[in-house]
$ cat data20.pdb   # PDB, C-alpha atoms, pLDDT in the B column
ATOM      1  CA  MET A   1      38.557 136.548 217.857  1.00 49.00           C
ATOM      2  CA  ASP A   2      38.042 140.320 217.852  1.00 78.00           C
ATOM      3  CA  ILE A   3      38.546 141.414 221.457  1.00 80.00           C
ATOM      4  CA  CYS A   4      37.287 144.976 220.902  1.00 81.00           C
ATOM      5  CA  LYS A   5      34.080 143.746 219.300  1.00 82.00           C
ATOM      6  CA  ASP A   6      33.471 141.354 222.199  1.00 83.00           C
ATOM      7  CA  ILE A   7      34.131 144.040 224.820  1.00 80.00           C
ATOM      8  CA  VAL A   8      31.847 146.615 223.232  1.00 78.00           C
ATOM      9  CA  SER A   9      29.011 144.147 222.587  1.00 81.00           C
ATOM     10  CA  LYS A  10      29.107 142.576 226.062  1.00 82.00           C
ATOM     11  CA  LEU A  11      29.435 145.859 227.939  1.00 80.00           C
ATOM     12  CA  GLN A  12      26.683 147.494 225.858  1.00 74.00           C
ATOM     13  CA  GLY A  13      28.194 150.808 224.831  1.00 68.00           C
ATOM     14  CA  SER A  14      29.476 151.991 228.204  1.00 81.00           C
ATOM     15  CA  PHE A  15      33.039 151.273 227.133  1.00 87.00           C
ATOM     16  CA  GLU A  16      35.066 152.288 224.079  1.00 88.00           C
ATOM     17  CA  CYS A  17      37.727 150.059 222.623  1.00 89.00           C
ATOM     18  CA  THR A  18      40.701 150.998 220.417  1.00 89.00           C
ATOM     19  CA  ASP A  19      43.600 148.941 219.089  1.00 87.00           C
ATOM     20  CA  LEU A  20      46.871 150.823 219.748  1.00 85.00           C
ATOM     21  CA  ASP A  21      50.156 149.278 218.600  1.00 82.00           C
ATOM     22  CA  GLY A  22      49.594 145.767 219.931  1.00 83.00           C
ATOM     23  CA  ARG A  23      47.640 146.925 222.974  1.00 90.00           C
ATOM     24  CA  ILE A  24      43.918 147.333 223.264  1.00 91.00           C
ATOM     25  CA  ARG A  25      42.795 150.447 225.125  1.00 93.00           C
ATOM     26  CA  VAL A  26      39.458 150.172 226.882  1.00 92.00           C
ATOM     27  CA  ARG A  27      38.099 153.567 227.864  1.00 92.00           C
ATOM     28  CA  THR A  28      35.788 153.053 230.816  1.00 91.00           C
ATOM     29  CA  PRO A  29      32.951 155.262 232.060  1.00 90.00           C
ATOM     30  CA  PHE A  30      34.797 155.538 235.387  1.00 91.00           C
ATOM     31  CA  VAL A  31      36.783 158.611 236.395  1.00 90.00           C
ATOM     32  CA  TYR A  32      39.331 159.439 239.051  1.00 87.00           C
ATOM     33  CA  PRO A  33      38.270 162.135 241.552  1.00 85.00           C
ATOM     34  CA  ASP A  34      40.313 164.671 239.568  1.00 83.00           C
ATOM     35  CA  GLY A  35      38.200 163.981 236.456  1.00 87.00           C
ATOM     36  CA  ASP A  36      40.692 161.875 234.491  1.00 88.00           C
ATOM     37  CA  VAL A  37      39.085 158.936 232.704  1.00 90.00           C
ATOM     38  CA  LEU A  38      40.139 155.451 233.797  1.00 93.00           C
ATOM     39  CA  ASP A  39      41.556 153.575 230.812  1.00 94.00           C
ATOM     40  CA  VAL A  40      42.750 149.996 230.983  1.00 94.00           C
ATOM     41  CA  PHE A  41      45.028 148.334 228.462  1.00 94.00           C
ATOM     42  CA  ILE A  42      44.948 144.713 227.345  1.00 92.00           C
ATOM     43  CA  LYS A  43      47.975 143.106 225.736  1.00 91.00           C
ATOM     44  CA  PRO A  44      47.393 139.594 224.411  1.00 86.00           C
ATOM     45  CA  ASN A  45      50.425 137.315 224.638  1.00 86.00           C
ATOM     46  CA  ASP A  46      50.901 133.775 223.352  1.00 85.00           C
ATOM     47  CA  ASP A  47      49.322 132.012 226.328  1.00 89.00           C
ATOM     48  CA  ALA A  48      48.288 134.883 228.609  1.00 91.00           C
ATOM     49  CA  VAL A  49      46.779 138.345 228.651  1.00 89.00           C
ATOM     50  CA  THR A  50      48.238 141.351 230.467  1.00 92.00           C
ATOM     51  CA  LEU A  51      45.814 143.903 231.903  1.00 92.00           C
ATOM     52  CA  SER A  52      47.187 147.262 233.067  1.00 94.00           C
ATOM     53  CA  ASP A  53      46.286 150.881 233.633  1.00 94.00           C
ATOM     54  CA  LEU A  54      49.919 151.769 232.778  1.00 92.00           C
ATOM     55  CA  GLY A  55      50.499 153.066 236.300  1.00 91.00           C
ATOM     56  CA  GLU A  56      47.819 155.764 236.290  1.00 90.00           C
ATOM     57  CA  THR A  57      46.223 154.665 239.563  1.00 88.00           C
ATOM     58  CA  VAL A  58      49.586 154.779 241.334  1.00 89.00           C
ATOM     59  CA  ARG A  59      50.297 158.179 239.752  1.00 86.00           C
ATOM     60  CA  TRP A  60      46.971 159.518 241.000  1.00 85.00           C
ATOM     61  CA  LEU A  61      47.456 158.090 244.484  1.00 85.00           C
ATOM     62  CA  ARG A  62      50.916 159.658 244.709  1.00 82.00           C
ATOM     63  CA  SER A  63      49.471 163.004 243.707  1.00 78.00           C
ATOM     64  CA  VAL A  64      46.995 163.021 246.596  1.00 77.00           C
ATOM     65  CA  THR A  65      49.005 161.464 249.400  1.00 73.00           C
ATOM     66  CA  PHE A  66      50.901 163.462 251.982  1.00 69.00           C
ATOM     67  CA  SER A  67      54.284 164.736 250.925  1.00 67.00           C
ATOM     68  CA  ALA A  68      56.474 167.579 252.075  1.00 70.00           C
ATOM     69  CA  LYS A  69      57.344 168.213 248.417  1.00 74.00           C
ATOM     70  CA  ARG A  70      53.924 169.441 247.328  1.00 73.00           C
ATOM     71  CA  SER A  71      53.613 172.487 245.143  1.00 77.00           C
ATOM     72  CA  PRO A  72      51.381 175.362 246.318  1.00 82.00           C
ATOM     73  CA  LYS A  73      48.827 174.348 243.665  1.00 82.00           C
ATOM     74  CA  GLN A  74      48.724 170.766 245.000  1.00 74.00           C
ATOM     75  CA  GLN A  75      48.277 172.118 248.529  1.00 76.00           C
ATOM     76  CA  ARG A  76      45.313 174.267 247.393  1.00 82.00           C
ATOM     77  CA  LEU A  77      43.714 171.325 245.563  1.00 77.00           C
ATOM     78  CA  LEU A  78      43.988 169.119 248.646  1.00 72.00           C
ATOM     79  CA  GLN A  79      42.429 171.791 250.843  1.00 78.00           C
TER      80      GLN A  79
END
$ encode --input "data20.pdb" --output "structure tokens"
Amino acid sequence: MDICKDIVSKLQGSFECTDLDGRIRVRTPFVYPDGDVLDVFIKPNDDAVTLSDLGETVRWLRSVTFSAKRSPKQQRLLQ
């Protein structure tokens, strides 16, 4: 079964699919508020499949939550 072919055909061109070293990257049409594209990664295992964004959502959330350690640039972006 070709997972990329199935994803692209069923989602009708809105998503791009690339095989990267045992993981399948699915580039979605969705973006974070800062403009970064939301990619998800699929890793087939013997009897399961792992789906991950490789921590990007947590990274983005940490960058926009309150912290006393913000740089001046981060403070300007939040304002």
$ residues_around --input "data20.pdb" --residues "A:Leu20" --least-positions-apart "2" --cutoff "10 Å" --atoms "only C-alpha atoms" --output "MDAnalysis selection string"
chainID A and resid 17:18 22:25 41:43
$ closest_residue --input "data20.pdb" --among "A:Thr57, A:Gln74, A:Gln79, A:Ser14" --to "A:Val26" --atoms "only C-alpha atoms"
A:Ser14
$ closest_residue --input "data20.pdb" --among "A:Thr65, A:Asp21, A:Thr28, A:Leu38" --to "A:Leu77" --atoms "only C-alpha atoms"
A:Thr65
$ closest_residue --input "data20.pdb" --among "A:Asp39, A:Pro29, A:Leu78, A:Gln12" --to "A:Ser52" --atoms "all atoms listed in the file"
A:Asp39
$ closest_residue --input "data20.pdb" --among "A:Ala68, A:Val8, A:Val40, A:Val31" --to "A:Gly55" --atoms "all atoms listed in the file"
A:Val40
$ residues_around --input "data20.pdb" --residues "A:Trp60" --least-positions-apart "3" --cutoff "10 Å" --atoms "all atoms listed in the file" --output "list in words"
Tyr32, Pro33, Asp34, Asp36, Gly55, Glu56, Thr57, Ser63, Val64 and Thr65 of chain A
$ closest_residue --input "data20.pdb" --among "A:Val49, A:Arg70, A:Val58, A:Leu11" --to "A:Arg27" --atoms "all atoms listed in the file"
A:Leu11
$ atom_distance --input "data20.pdb" --atom1 "atom CA of A:Pro72" --atom2 "atom CA of A:Val37"
24.6 Å
$ axis_aligned_box --input "data20.pdb" --around "stretch 66-78 of chain A" --padding-each-side "8 Å" --output "lines of an AutoDock Vina configuration file"
center_x = 50.5
center_y = 169.4
center_z = 247.9
size_x = 29.6
size_y = 27.9
size_z = 24.4
